[in-house]
file final_18.cif (mmCIF, C-alpha atoms and all ligand atoms)
data_protein
loop_
_atom_site.label_atom_id
_atom_site.label_comp_id
_atom_site.auth_asym_id
_atom_site.auth_seq_id
_atom_site.Cartn_x
_atom_site.Cartn_y
_atom_site.Cartn_z
CA MET A 1 86.33 141.62 2.13
CA ASN A 2 87.13 139.17 4.95
CA LYS A 3 84.63 136.58 6.17
CA TYR A 4 83.33 138.79 9.01
CA GLU A 5 82.68 141.71 6.66
CA SER A 6 80.82 139.39 4.28
CA GLU A 7 78.83 137.96 7.18
CA VAL A 8 77.86 141.33 8.58
CA CYS A 9 76.81 142.53 5.11
CA SER A 10 74.64 139.45 4.51
CA VAL A 11 72.99 139.80 7.92
CA PHE A 12 72.33 143.47 7.12
CA GLU A 13 70.83 142.69 3.71
CA ALA A 14 68.72 139.81 5.02
CA ARG A 15 67.23 141.94 7.84
CA PHE A 16 66.92 145.33 6.19
CA GLY A 17 66.36 144.35 2.55
CA HIS A 18 69.08 146.48 0.96
CA ALA A 19 72.87 146.78 0.89
CA PRO A 20 74.59 148.82 3.65
CA ALA A 21 76.19 152.19 2.90
CA ARG A 22 79.51 151.04 4.41
CA THR A 23 81.26 148.57 6.66
CA PHE A 24 83.31 149.51 9.74
CA PHE A 25 85.71 147.83 12.17
CA ALA A 26 86.89 148.51 15.73
CA PRO A 27 89.45 146.25 17.42
CA GLY A 28 89.55 144.45 20.76
CA ARG A 29 92.65 144.74 22.90
CA VAL A 30 95.21 143.00 25.05
CA ASN A 31 97.05 144.87 27.74
CA LEU A 32 100.79 144.15 27.72
CA ILE A 33 101.33 145.63 31.18
CA GLY A 34 99.86 148.27 33.54
CA GLU A 35 96.93 146.27 34.95
CA HIS A 36 94.27 147.62 37.28
CA ILE A 37 95.89 151.03 37.42
CA ASP A 38 93.88 152.96 34.82
CA TYR A 39 91.55 154.01 37.66
CA ASN A 40 94.54 154.92 39.84
CA GLY A 41 96.04 157.48 37.48
CA GLY A 42 98.69 155.01 36.27
CA ARG A 43 100.39 154.26 32.96
CA VAL A 44 99.05 151.39 30.87
CA MET A 45 100.41 149.75 27.75
CA PRO A 46 97.74 148.01 25.67
CA CYS A 47 97.75 146.95 21.99
CA SER A 48 94.75 146.96 19.64
CA LEU A 49 94.11 143.60 17.97
CA SER A 50 93.21 142.48 14.47
CA LEU A 51 90.28 140.71 16.19
CA GLY A 52 87.35 142.99 16.94
CA THR A 53 83.83 144.00 15.97
CA TYR A 54 82.48 144.67 12.46
CA ALA A 55 79.46 146.75 11.49
CA ALA A 56 77.48 147.32 8.31
CA ALA A 57 75.38 150.47 8.51
CA SER A 58 73.21 152.99 6.66
CA PRO A 59 71.44 156.18 7.74
CA ARG A 60 67.62 156.38 7.82
CA ALA A 61 65.60 159.48 7.11
CA ASP A 62 62.75 158.70 9.54
CA GLY A 63 64.62 158.77 12.87
CA ARG A 64 64.23 155.00 13.51
CA ILE A 65 67.17 153.03 14.85
CA ARG A 66 67.27 149.34 13.90
CA LEU A 67 70.02 147.13 15.30
CA VAL A 68 70.82 143.47 14.75
CA SER A 69 73.66 141.27 15.96
CA ALA A 70 74.85 138.20 14.07
CA ASP A 71 76.22 136.76 17.33
CA MET A 72 73.23 137.20 19.62
CA ARG A 73 69.94 135.38 19.52
CA GLY A 74 66.95 137.62 19.02
CA GLY A 75 65.81 139.78 16.21
CA VAL A 76 66.03 143.41 15.32
CA ILE A 77 66.09 145.83 18.25
CA GLU A 78 64.19 149.01 17.40
CA ALA A 79 64.21 152.44 18.97
CA ASP A 80 63.68 156.02 17.96
CA ILE A 81 66.49 158.56 18.02
CA GLY A 82 64.23 161.18 19.65
CA ALA A 83 63.26 158.78 22.46
CA VAL A 84 66.84 157.54 22.94
CA SER A 85 68.15 161.12 23.15
CA ALA A 86 65.57 161.86 25.84
CA LEU A 87 66.52 158.84 27.99
CA GLU A 88 68.37 159.52 31.21
CA CYS A 89 71.79 157.89 31.06
CA ARG A 90 71.27 155.39 33.89
CA PRO A 91 71.61 151.57 33.62
CA GLU A 92 67.91 151.05 34.51
CA CYS A 93 66.91 153.03 31.41
CA PHE A 94 69.03 150.90 29.08
CA SER A 95 68.92 147.41 30.61
CA GLY A 96 65.87 146.39 28.57
CA PHE A 97 67.87 146.72 25.34
CA GLY A 98 70.29 143.82 26.10
CA TRP A 99 73.48 144.04 24.01
CA ALA A 100 72.06 147.11 22.21
CA ALA A 101 72.48 149.15 25.43
CA TYR A 102 76.05 149.80 24.23
CA PRO A 103 75.29 151.35 20.82
CA LEU A 104 72.18 153.09 22.13
CA GLY A 105 74.14 154.43 25.12
CA VAL A 106 76.70 155.88 22.71
CA ALA A 107 73.93 157.43 20.57
CA ALA A 108 72.36 158.96 23.71
CA LYS A 109 75.72 160.35 24.87
CA LEU A 110 76.42 161.86 21.43
CA ALA A 111 72.97 163.46 21.36
CA SER A 112 73.50 164.85 24.89
CA ARG A 113 76.57 166.65 23.56
CA SER A 114 74.54 168.29 20.80
CA HIS A 115 75.88 166.09 18.01
CA SER A 116 73.20 165.99 15.37
CA ILE A 117 72.42 162.33 14.64
CA GLY A 118 69.41 160.77 12.95
CA GLY A 119 68.04 157.26 12.61
CA PHE A 120 70.20 154.42 11.30
CA GLU A 121 70.34 150.70 10.60
CA MET A 122 73.30 148.71 11.84
CA ALA A 123 74.24 145.03 11.82
CA VAL A 124 77.22 143.91 13.94
CA CYS A 125 79.28 140.77 14.26
CA GLY A 126 82.44 140.05 16.23
CA SER A 127 85.59 138.00 15.80
CA LEU A 128 86.49 138.32 19.50
CA PRO A 129 85.72 135.30 21.65
CA ARG A 130 82.80 136.56 23.76
CA GLY A 131 83.30 137.02 27.52
CA SER A 132 87.05 136.44 27.19
CA GLY A 133 88.09 139.84 28.51
CA LEU A 134 89.45 141.19 25.21
CA SER A 135 87.14 144.23 25.45
CA SER A 136 84.24 143.34 23.20
CA SER A 137 82.07 146.01 24.85
CA ALA A 138 84.60 148.85 24.40
CA SER A 139 85.07 147.66 20.82
CA LEU A 140 81.30 147.92 20.18
CA GLU A 141 81.06 151.37 21.77
CA VAL A 142 83.96 152.78 19.76
CA LEU A 143 82.62 151.10 16.62
CA THR A 144 79.31 152.92 17.12
CA CYS A 145 81.18 156.23 17.46
CA ALA A 146 82.98 155.53 14.16
CA VAL A 147 79.72 154.57 12.42
CA LEU A 148 77.79 157.63 13.61
CA LYS A 149 80.68 159.96 12.89
CA GLU A 150 80.75 158.75 9.28
CA LEU A 151 76.99 158.50 8.69
CA PHE A 152 76.24 161.96 10.10
CA GLY A 153 79.49 163.81 9.38
CA LEU A 154 80.21 164.47 13.08
CA THR A 155 83.28 166.31 14.29
CA LEU A 156 84.61 163.74 16.72
CA ASP A 157 88.26 162.94 17.43
CA GLY A 158 89.53 159.70 18.91
CA VAL A 159 90.15 160.97 22.44
CA SER A 160 86.62 162.42 22.62
CA ALA A 161 85.22 159.17 21.18
CA SER A 162 87.00 157.16 23.90
CA LEU A 163 85.80 159.42 26.70
CA LEU A 164 82.25 159.34 25.38
CA SER A 165 82.37 155.54 25.05
CA LEU A 166 83.64 155.27 28.62
CA GLU A 167 80.73 157.40 29.82
CA ALA A 168 78.29 155.20 27.92
CA GLU A 169 79.79 152.10 29.57
CA ARG A 170 79.67 153.62 33.06
CA ASP A 171 76.36 155.43 32.94
CA CYS A 172 74.27 153.32 30.53
CA ALA A 173 75.76 149.82 31.01
CA GLY A 174 76.69 150.35 34.68
CA VAL A 175 80.31 149.13 34.58
CA ASN A 176 82.62 151.43 36.51
CA CYS A 177 85.76 150.79 34.42
CA GLY A 178 88.80 152.96 33.62
CA ILE A 179 89.67 154.57 30.27
CA MET A 180 92.19 152.01 28.97
CA ASP A 181 89.92 149.78 26.88
CA GLN A 182 87.96 152.50 25.10
CA PHE A 183 91.12 154.49 24.48
CA VAL A 184 93.07 151.71 22.79
CA CYS A 185 90.02 150.41 20.86
CA ALA A 186 89.72 153.94 19.41
CA MET A 187 93.35 154.98 19.11
CA GLY A 188 95.47 151.82 18.68
CA ARG A 189 97.63 151.14 15.65
CA ARG A 190 98.84 147.99 13.95
CA GLY A 191 102.39 147.12 15.01
CA ALA A 192 102.30 149.41 18.04
CA ALA A 193 101.61 149.42 21.76
CA VAL A 194 100.03 152.57 23.20
CA LEU A 195 101.61 154.03 26.33
CA LEU A 196 98.81 156.00 27.98
CA ASP A 197 99.06 158.13 31.09
CA THR A 198 95.55 157.71 32.47
CA HIS A 199 95.95 160.74 34.75
CA THR A 200 96.68 163.27 31.99
CA LEU A 201 95.58 161.30 28.89
CA GLU A 202 99.00 161.95 27.32
CA TYR A 203 99.87 159.06 25.07
CA GLY A 204 102.46 157.80 22.64
CA TYR A 205 102.98 154.83 20.32
CA PHE A 206 105.77 152.31 20.83
CA PRO A 207 106.65 149.98 17.99
CA PHE A 208 105.63 146.53 19.18
CA ASP A 209 107.53 144.07 17.10
CA PRO A 210 108.32 140.95 19.08
CA GLY A 211 110.83 140.02 16.31
CA GLU A 212 112.01 136.48 16.87
CA ASN A 213 109.15 136.06 19.35
CA VAL A 214 105.36 135.92 19.24
CA LEU A 215 102.64 137.20 21.51
CA LEU A 216 100.22 134.41 22.42
CA ILE A 217 96.68 134.93 23.71
CA MET A 218 95.71 132.13 26.08
CA ASN A 219 91.97 131.98 26.75
CA THR A 220 91.24 130.08 29.97
CA LYS A 221 87.61 129.70 28.83
CA LYS A 222 86.67 130.41 32.42
CA PRO A 223 83.84 132.94 32.45
CA ARG A 224 84.75 136.11 34.34
CA ARG A 225 81.91 135.69 36.81
CA LEU A 226 83.26 137.63 39.77
CA ALA A 227 84.81 140.29 37.62
CA ASP A 228 82.29 143.09 38.10
CA SER A 229 81.72 142.81 41.86
CA LYS A 230 85.41 142.26 42.69
CA TYR A 231 86.40 145.02 40.26
CA ASN A 232 84.30 147.54 42.18
CA GLU A 233 85.65 146.19 45.48
CA ARG A 234 89.26 146.74 44.32
CA ARG A 235 88.44 150.27 43.17
CA ALA A 236 86.96 151.06 46.57
CA GLU A 237 90.02 149.61 48.35
CA CYS A 238 92.34 151.80 46.27
CA GLU A 239 90.24 154.89 47.02
CA GLU A 240 90.41 154.11 50.73
CA ALA A 241 94.19 153.58 50.61
CA LEU A 242 94.61 156.93 48.84
CA ARG A 243 92.41 158.60 51.46
CA LEU A 244 94.69 157.26 54.19
CA ILE A 245 98.06 158.14 52.67
CA GLY A 246 97.49 160.83 50.02
CA GLY A 247 97.46 163.63 52.58
CA LEU A 248 100.79 162.55 54.10
CA PHE A 249 102.57 164.12 51.12
CA GLU A 250 103.15 167.75 50.36
CA PRO A 251 101.58 168.55 47.94
CA GLN A 252 98.85 166.01 48.55
CA LYS A 253 98.75 163.04 46.12
CA THR A 254 95.54 162.86 44.11
CA ALA A 255 96.06 159.36 42.66
CA LEU A 256 97.87 156.27 44.00
CA CYS A 257 100.12 156.10 40.94
CA GLU A 258 101.50 159.59 41.64
CA ILE A 259 103.35 157.91 44.52
CA THR A 260 106.72 156.38 43.62
CA PRO A 261 107.72 153.02 45.14
CA GLU A 262 110.36 154.88 47.21
CA GLU A 263 107.80 157.35 48.58
CA PHE A 264 105.39 154.49 49.23
CA ALA A 265 107.95 152.73 51.45
CA SER A 266 107.95 155.75 53.77
CA VAL A 267 104.16 155.71 54.37
CA SER A 268 103.08 152.10 53.85
CA ALA A 269 103.09 151.32 57.61
CA VAL A 270 99.96 153.48 57.92
CA LEU A 271 97.94 151.07 55.78
CA PRO A 272 96.10 148.05 57.22
CA GLU A 273 95.82 144.78 55.27
CA PRO A 274 94.66 144.26 52.55
CA LEU A 275 94.93 147.95 51.60
CA LEU A 276 98.73 147.81 51.93
CA ARG A 277 98.98 145.11 49.25
CA ARG A 278 96.39 146.70 46.96
CA ALA A 279 98.23 150.03 47.02
CA ARG A 280 101.62 148.33 46.65
CA HIS A 281 100.40 146.66 43.46
CA ALA A 282 99.28 150.00 42.01
CA VAL A 283 102.52 151.78 42.85
CA THR A 284 104.86 149.01 41.65
CA GLU A 285 102.81 148.21 38.51
CA ASN A 286 103.09 151.82 37.41
CA ARG A 287 106.88 151.60 37.73
CA ARG A 288 106.92 148.29 35.82
CA THR A 289 104.99 149.87 32.96
CA LEU A 290 107.54 152.66 32.64
CA GLU A 291 110.31 150.08 32.66
CA ALA A 292 108.45 148.06 30.02
CA ALA A 293 108.38 151.16 27.80
CA GLU A 294 112.17 151.43 28.18
CA ALA A 295 112.51 147.73 27.35
CA LEU A 296 110.38 148.10 24.20
CA GLU A 297 112.33 151.15 23.10
CA ALA A 298 115.57 149.21 23.51
CA GLY A 299 114.08 146.16 21.74
CA ASP A 300 114.81 144.18 24.91
CA ILE A 301 111.99 141.61 24.77
CA ALA A 302 113.64 139.43 27.43
CA ARG A 303 113.37 142.32 29.93
CA LEU A 304 109.77 142.91 28.88
CA GLY A 305 109.13 139.22 29.61
CA ARG A 306 110.55 139.52 33.14
CA LEU A 307 108.39 142.59 33.83
CA ILE A 308 105.33 140.75 32.54
CA ASN A 309 106.06 137.90 34.98
CA ALA A 310 106.45 140.32 37.88
CA SER A 311 103.15 142.00 36.93
CA HIS A 312 101.26 138.70 37.13
CA ASP A 313 102.84 137.81 40.48
CA SER A 314 101.76 141.17 41.90
CA LEU A 315 98.21 140.74 40.54
CA ARG A 316 98.12 137.25 42.08
CA ASP A 317 99.64 137.98 45.51
CA ASP A 318 98.96 141.67 46.21
CA TYR A 319 95.92 142.50 44.13
CA GLU A 320 94.29 139.03 44.23
CA VAL A 321 92.48 139.18 40.90
CA THR A 322 93.87 136.07 39.17
CA GLY A 323 92.31 132.80 40.39
CA ARG A 324 93.11 129.16 39.67
CA ALA A 325 92.48 129.08 35.93
CA LEU A 326 94.65 132.13 35.17
CA ASP A 327 97.43 131.06 37.57
CA THR A 328 97.45 127.56 36.09
CA ILE A 329 97.70 128.73 32.48
CA VAL A 330 100.42 131.26 33.35
CA GLU A 331 102.43 128.64 35.31
CA ALA A 332 102.02 126.17 32.45
CA ALA A 333 103.38 128.73 29.98
CA ARG A 334 106.29 129.68 32.22
CA SER A 335 107.28 126.02 32.60
CA HIS A 336 108.21 125.95 28.89
CA PRO A 337 111.82 127.03 28.26
CA ALA A 338 110.87 129.04 25.14
CA VAL A 339 108.51 131.36 27.11
CA LEU A 340 109.97 134.74 28.09
CA GLY A 341 107.05 135.87 30.22
CA ALA A 342 103.34 135.31 30.89
CA ARG A 343 100.59 137.14 32.75
CA MET A 344 96.85 137.63 32.98
CA THR A 345 95.45 140.50 30.89
CA GLY A 346 92.35 142.64 31.54
CA ALA A 347 90.17 142.58 34.64
CA GLY A 348 91.10 139.03 35.73
CA PHE A 349 89.09 136.30 37.53
CA GLY A 350 89.05 134.31 34.27
CA GLY A 351 89.29 135.45 30.67
CA CYS A 352 92.65 135.62 28.94
CA ALA A 353 96.37 135.60 29.72
CA ILE A 354 99.21 136.49 27.38
CA ALA A 355 102.65 134.95 26.86
CA ILE A 356 105.69 136.01 24.91
CA ALA A 357 107.36 132.96 23.37
CA GLU A 358 110.13 132.23 20.88
CA ARG A 359 108.54 132.17 17.45
CA SER A 360 110.28 128.95 16.38
CA ALA A 361 108.87 127.08 19.39
CA ALA A 362 105.34 128.58 19.32
CA GLU A 363 103.60 125.37 18.22
CA ASP A 364 105.37 123.38 20.90
CA VAL A 365 104.48 125.96 23.56
CA ILE A 366 100.82 125.85 22.52
CA ALA A 367 100.75 122.04 22.71
CA HIS A 368 102.56 122.03 26.07
CA VAL A 369 100.27 124.63 27.71
CA SER A 370 97.10 123.09 26.25
CA ALA A 371 97.96 119.62 27.59
CA LEU A 372 99.01 120.85 31.05
CA TYR A 373 95.96 123.09 31.38
CA ARG A 374 93.60 120.29 30.41
CA SER A 375 95.17 117.87 32.87
CA ARG A 376 95.04 120.35 35.75
CA ILE A 377 91.74 122.15 35.10
CA GLY A 378 89.74 119.44 33.33
CA TYR A 379 88.67 121.34 30.20
CA ASP A 380 90.38 122.87 27.17
CA CYS A 381 91.84 126.32 26.84
CA GLU A 382 92.27 128.07 23.50
CA ILE A 383 95.60 129.58 22.41
CA TYR A 384 96.43 131.61 19.34
CA THR A 385 98.95 134.13 18.08
CA ALA A 386 97.92 137.74 18.61
CA GLU A 387 98.05 140.08 15.63
CA THR A 388 97.82 143.81 16.28
CA GLY A 389 95.31 145.86 14.24
CA ASP A 390 94.37 149.44 13.38
CA ALA A 391 91.69 151.23 15.38
CA PRO A 392 89.25 153.60 13.63
CA PHE A 393 90.69 156.80 15.13
CA GLY A 394 94.32 155.65 15.43
CA LYS A 395 95.59 157.61 12.46
CA ASP A 396 93.41 160.70 12.78
CA ASP A 397 95.98 162.86 14.47
CA ASN A 398 99.32 164.00 13.21
CA ASP A 399 102.28 161.81 14.03
CA GLU A 400 103.62 163.84 16.93
CA ASN A 401 102.97 161.01 19.32
CA CYS A 402 105.09 158.42 17.54
C1 LIG A 501 88.94 146.10 32.63
C2 LIG A 501 88.55 147.57 32.63
C3 LIG A 501 89.77 148.47 32.36
C4 LIG A 501 90.93 148.11 33.28
C5 LIG A 501 91.19 146.61 33.29
C6 LIG A 501 92.22 146.21 34.32
O1 LIG A 501 89.35 145.71 31.36
O2 LIG A 501 87.57 147.81 31.64
O3 LIG A 501 89.40 149.82 32.48
O4 LIG A 501 90.71 148.61 34.57
O5 LIG A 501 90.00 145.87 33.57
O6 LIG A 501 93.46 146.77 34.01
#
call {"tool": "encode", "arguments": {"input": "final_18.cif", "output": "structure tokens"}}
result
Amino acid sequence: MNKYESEVCSVFEARFGHAPARTFFAPGRVNLIGEHIDYNGGRVMPCSLSLGTYAAASPRADGRIRLVSADMRGGVIEADIGAVSALECRPECFSGFGWAAYPLGVAAKLASRSHSIGGFEMAVCGSLPRGSGLSSSASLEVLTCAVLKELFGLTLDGVSASLLSLEAERDCAGVNCGIMDQFVCAMGRRGAAVLLDTHTLEYGYFPFDPGENVLLIMNTKKPRRLADSKYNERRAECEEALRLIGGLFEPQKTALCEITPEEFASVSAVLPEPLLRRARHAVTENRRTLEAAEALEAGDIARLGRLINASHDSLRDDYEVTGRALDTIVEAARSHPAVLGARMTGAGFGGCAIAIAERSAAEDVIAHVSALYRSRIGYDCEIYTAETGDAPFGKDDNDENC
């Protein structure tokens, strides 16, 4: 048992007065490349992490749901499975539950699909730095799917669990995100990156072994304050760009990422600013992700590093979702000769960036970036080596997708 499992078990026992039936884990994620295109039908390439969310849980016979978080102030949140199942899945109906809107939203979504679930007790605790953009909410949603599947013997595969978790996030928590985070938190595997086509949900695993290199997570410690409002604004801009150019093709394009960079060049003059740059990011990022898959397959980490750099530049200049903290940490990393590439990861506007660096120089890179960041931004960042981890549904299927 690691320290988080012990902690979640002691919180469970202290609050509920008995030992849990079982413990569970669902990972957080970093996205290697393919940013802000999971709502444009693009390809994304995230990895599941060894950091994530732990749960200790037991079923209850009386239909009561009792939830407690080791990380949040406040006591046990109580609800009744009958009442939760009857709630309309709208944010207003769940906002009063605070953090528990995520697990209760998942329970409501499962019930709405005629899965037979009863009451349960669950304690959770996380090893992901909160608010850092490593997908703590998707991790909690998928974790709840894994818990309820096990406690109530549900028939639920990983793709269905990710889609259901996405619906809970959109409808019950009110965040209009794409499928990437829930998918990789459900389906990721240790030592692998997932290449997911968000248009068709076809996916495959690519061995992610940086070899002589390491993947660093660089947390700017800048809260992602603008993330939700700007996220929705970018989505709307992409929809508008597609409306303007999709019909110029025969057959009509139904997602921006169906357009190749070559095709885009022939229609881009139709788009006003900033829609031109927003759409150009989507189209070129999709191509970069496919090239990154080729680079991984060939074990060409230097090429992956160059693609990662180009991705950040596009997110900074065309998509405008980076900001000073992320640009500063990425520039600081790139100014070290042992760094092969660096970029923001996730929604942007704060949160985390990643860097690929030579393993032998990792300590030096961390010291270099930390000092530069502090001198330019005025407070400390936090940098550590990313380890990939197994997701609860990652090994459910056969190995056709390897
Ligand atoms: C957030 C969303 C994802 C994705 C990324 C940007 O993490 O939850 O669906 O859109 O931003 O790539």
call {"tool": "residues_near_ligand", "arguments": {"input": "final_18.cif", "ligand": "ligand LIG 501 (chain A)", "cutoff": "9 Å", "atoms": "only C-alpha atoms and all ligand atoms", "output": "PDB file with C-alpha atoms, in the frame of the given file"}}
result
ATOM      1  CA  ASN A  31      97.050 144.870  27.740  1.00  0.00           C
ATOM      2  CA  ILE A  33     101.330 145.630  31.180  1.00  0.00           C
ATOM      3  CA  GLY A  34      99.860 148.270  33.540  1.00  0.00           C
ATOM      4  CA  GLU A  35      96.930 146.270  34.950  1.00  0.00           C
ATOM      5  CA  HIS A  36      94.270 147.620  37.280  1.00  0.00           C
ATOM      6  CA  ILE A  37      95.890 151.030  37.420  1.00  0.00           C
ATOM      7  CA  ASP A  38      93.880 152.960  34.820  1.00  0.00           C
ATOM      8  CA  TYR A  39      91.550 154.010  37.660  1.00  0.00           C
ATOM      9  CA  VAL A  44      99.050 151.390  30.870  1.00  0.00           C
ATOM     10  CA  GLY A 133      88.090 139.840  28.510  1.00  0.00           C
ATOM     11  CA  LEU A 134      89.450 141.190  25.210  1.00  0.00           C
ATOM     12  CA  SER A 135      87.140 144.230  25.450  1.00  0.00           C
ATOM     13  CA  SER A 137      82.070 146.010  24.850  1.00  0.00           C
ATOM     14  CA  ALA A 138      84.600 148.850  24.400  1.00  0.00           C
ATOM     15  CA  LEU A 166      83.640 155.270  28.620  1.00  0.00           C
ATOM     16  CA  VAL A 175      80.310 149.130  34.580  1.00  0.00           C
ATOM     17  CA  ASN A 176      82.620 151.430  36.510  1.00  0.00           C
ATOM     18  CA  CYS A 177      85.760 150.790  34.420  1.00  0.00           C
ATOM     19  CA  GLY A 178      88.800 152.960  33.620  1.00  0.00           C
ATOM     20  CA  ILE A 179      89.670 154.570  30.270  1.00  0.00           C
ATOM     21  CA  MET A 180      92.190 152.010  28.970  1.00  0.00           C
ATOM     22  CA  ASP A 181      89.920 149.780  26.880  1.00  0.00           C
ATOM     23  CA  GLN A 182      87.960 152.500  25.100  1.00  0.00           C
ATOM     24  CA  ALA A 227      84.810 140.290  37.620  1.00  0.00           C
ATOM     25  CA  TYR A 231      86.400 145.020  40.260  1.00  0.00           C
ATOM     26  CA  THR A 345      95.450 140.500  30.890  1.00  0.00           C
ATOM     27  CA  GLY A 346      92.350 142.640  31.540  1.00  0.00           C
ATOM     28  CA  ALA A 347      90.170 142.580  34.640  1.00  0.00           C
ATOM     29  CA  GLY A 348      91.100 139.030  35.730  1.00  0.00           C
TER      30      GLY A 348
END
call {"tool": "residues_near_point", "arguments": {"input": "final_18.cif", "point": "(98.8, 120.2, 34.7)", "cutoff": "12 Å", "atoms": "all atoms listed in the file", "output": "VMD selection string"}}
result
chain A and resid 324 to 325 327 to 333 335 368 to 380
call {"tool": "atom_distance", "arguments": {"input": "final_18.cif", "atom1": "atom CA of Arg278 of chain A", "atom2": "atom CA of Gly351 of chain A"}}
result
21.0 Å
call {"tool": "closest_residue", "arguments": {"input": "final_18.cif", "among": "A:Arg170, A:Arg359, A:Arg334, A:Arg22", "to": "Ala146 of chain A", "atoms": "only C-alpha atoms"}}
result
A:Arg22
call {"tool": "closest_residue", "arguments": {"input": "final_18.cif", "among": "A:Arg303, A:Glu92, A:His199, A:Glu262", "to": "Leu340 of chain A", "atoms": "only C-alpha atoms"}}
result
A:Arg303
call {"tool": "axis_aligned_box", "arguments": {"input": "final_18.cif", "around": "segment 369-386 of chain A", "padding_each_side": "6 Å", "output": "AutoDock Vina command-line options"}}
result
--center_x 94.5 --center_y 127.8 --center_z 26.9 --size_x 23.6 --size_y 31.9 --size_z 29.7
call {"tool": "closest_residue", "arguments": {"input": "final_18.cif", "among": "A:Asp71, A:Pro207, A:Leu275, A:Arg29", "to": "Glu239 of chain A", "atoms": "only C-alpha atoms"}}
result
A:Leu275
call {"tool": "atom_distance", "arguments": {"input": "final_18.cif", "atom1": "atom CA of Pro272 of chain A", "atom2": "atom CA of Asp318 of chain A"}}
result
13.0 Å
call {"tool": "atom_distance", "arguments": {"input": "final_18.cif", "atom1": "atom CA of Gly82 of chain A", "atom2": "atom CA of Tyr54 of chain A"}}
result
25.6 Å
call {"tool": "residues_around", "arguments": {"input": "final_18.cif", "residues": "Ser112 of chain A", "least_positions_apart": "3", "cutoff": "12 Å", "atoms": "only C-alpha atoms", "output": "NGL selection string"}}
result
:A and (81-82 or 84-89 or 105-109 or 115-117 or 164 or 167-168)
call {"tool": "write_last_selection", "arguments": {"input": "final_18.cif", "atoms": "C-alpha atoms", "output": "PDB file, keeping the file's coordinate frame"}}
result
ATOM      1  CA  ILE A  81      66.490 158.560  18.020  1.00  0.00           C
ATOM      2  CA  GLY A  82      64.230 161.180  19.650  1.00  0.00           C
ATOM      3  CA  VAL A  84      66.840 157.540  22.940  1.00  0.00           C
ATOM      4  CA  SER A  85      68.150 161.120  23.150  1.00  0.00           C
ATOM      5  CA  ALA A  86      65.570 161.860  25.840  1.00  0.00           C
ATOM      6  CA  LEU A  87      66.520 158.840  27.990  1.00  0.00           C
ATOM      7  CA  GLU A  88      68.370 159.520  31.210  1.00  0.00           C
ATOM      8  CA  CYS A  89      71.790 157.890  31.060  1.00  0.00           C
ATOM      9  CA  GLY A 105      74.140 154.430  25.120  1.00  0.00           C
ATOM     10  CA  VAL A 106      76.700 155.880  22.710  1.00  0.00           C
ATOM     11  CA  ALA A 107      73.930 157.430  20.570  1.00  0.00           C
ATOM     12  CA  ALA A 108      72.360 158.960  23.710  1.00  0.00           C
ATOM     13  CA  LYS A 109      75.720 160.350  24.870  1.00  0.00           C
ATOM     14  CA  HIS A 115      75.880 166.090  18.010  1.00  0.00           C
ATOM     15  CA  SER A 116      73.200 165.990  15.370  1.00  0.00           C
ATOM     16  CA  ILE A 117      72.420 162.330  14.640  1.00  0.00           C
ATOM     17  CA  LEU A 164      82.250 159.340  25.380  1.00  0.00           C
ATOM     18  CA  GLU A 167      80.730 157.400  29.820  1.00  0.00           C
ATOM     19  CA  ALA A 168      78.290 155.200  27.920  1.00  0.00           C
TER      20      ALA A 168
END
call {"tool": "build_atoms", "arguments": {"input": "final_18.cif", "residues": "segment 134-143 of chain A", "atoms": "N, CA and C atoms", "output": "mmCIF file, in the coordinates of the input"}}
result
data_model
loop_
_atom_site.group_PDB
_atom_site.id
_atom_site.type_symbol
_atom_site.label_atom_id
_atom_site.label_comp_id
_atom_site.auth_asym_id
_atom_site.auth_seq_id
_atom_site.Cartn_x
_atom_site.Cartn_y
_atom_site.Cartn_z
ATOM 1 N N LEU A 134 88.652 140.465 26.212
ATOM 2 C CA LEU A 134 89.450 141.190 25.210
ATOM 3 C C LEU A 134 88.710 142.471 24.781
ATOM 4 N N SER A 135 87.809 142.937 25.631
ATOM 5 C CA SER A 135 87.140 144.230 25.450
ATOM 6 C C SER A 135 86.131 144.288 24.324
ATOM 7 N N SER A 136 85.255 143.275 24.258
ATOM 8 C CA SER A 136 84.240 143.340 23.200
ATOM 9 C C SER A 136 83.289 144.519 23.427
ATOM 10 N N SER A 137 83.023 144.904 24.667
ATOM 11 C CA SER A 137 82.070 146.010 24.850
ATOM 12 C C SER A 137 82.691 147.347 24.444
ATOM 13 N N ALA A 138 83.945 147.591 24.826
ATOM 14 C CA ALA A 138 84.600 148.850 24.400
ATOM 15 C C ALA A 138 84.684 148.892 22.872
ATOM 16 N N SER A 139 84.968 147.734 22.274
ATOM 17 C CA SER A 139 85.070 147.660 20.820
ATOM 18 C C SER A 139 83.739 148.065 20.162
ATOM 19 N N LEU A 140 82.619 147.587 20.728
ATOM 20 C CA LEU A 140 81.300 147.920 20.180
ATOM 21 C C LEU A 140 80.957 149.403 20.387
ATOM 22 N N GLU A 141 81.344 149.950 21.516
ATOM 23 C CA GLU A 141 81.060 151.370 21.770
ATOM 24 C C GLU A 141 81.836 152.261 20.789
ATOM 25 N N VAL A 142 83.129 151.956 20.651
ATOM 26 C CA VAL A 142 83.960 152.780 19.760
ATOM 27 C C VAL A 142 83.511 152.599 18.305
ATOM 28 N N LEU A 143 83.136 151.367 17.967
ATOM 29 C CA LEU A 143 82.620 151.100 16.620
ATOM 30 C C LEU A 143 81.410 151.990 16.336
#
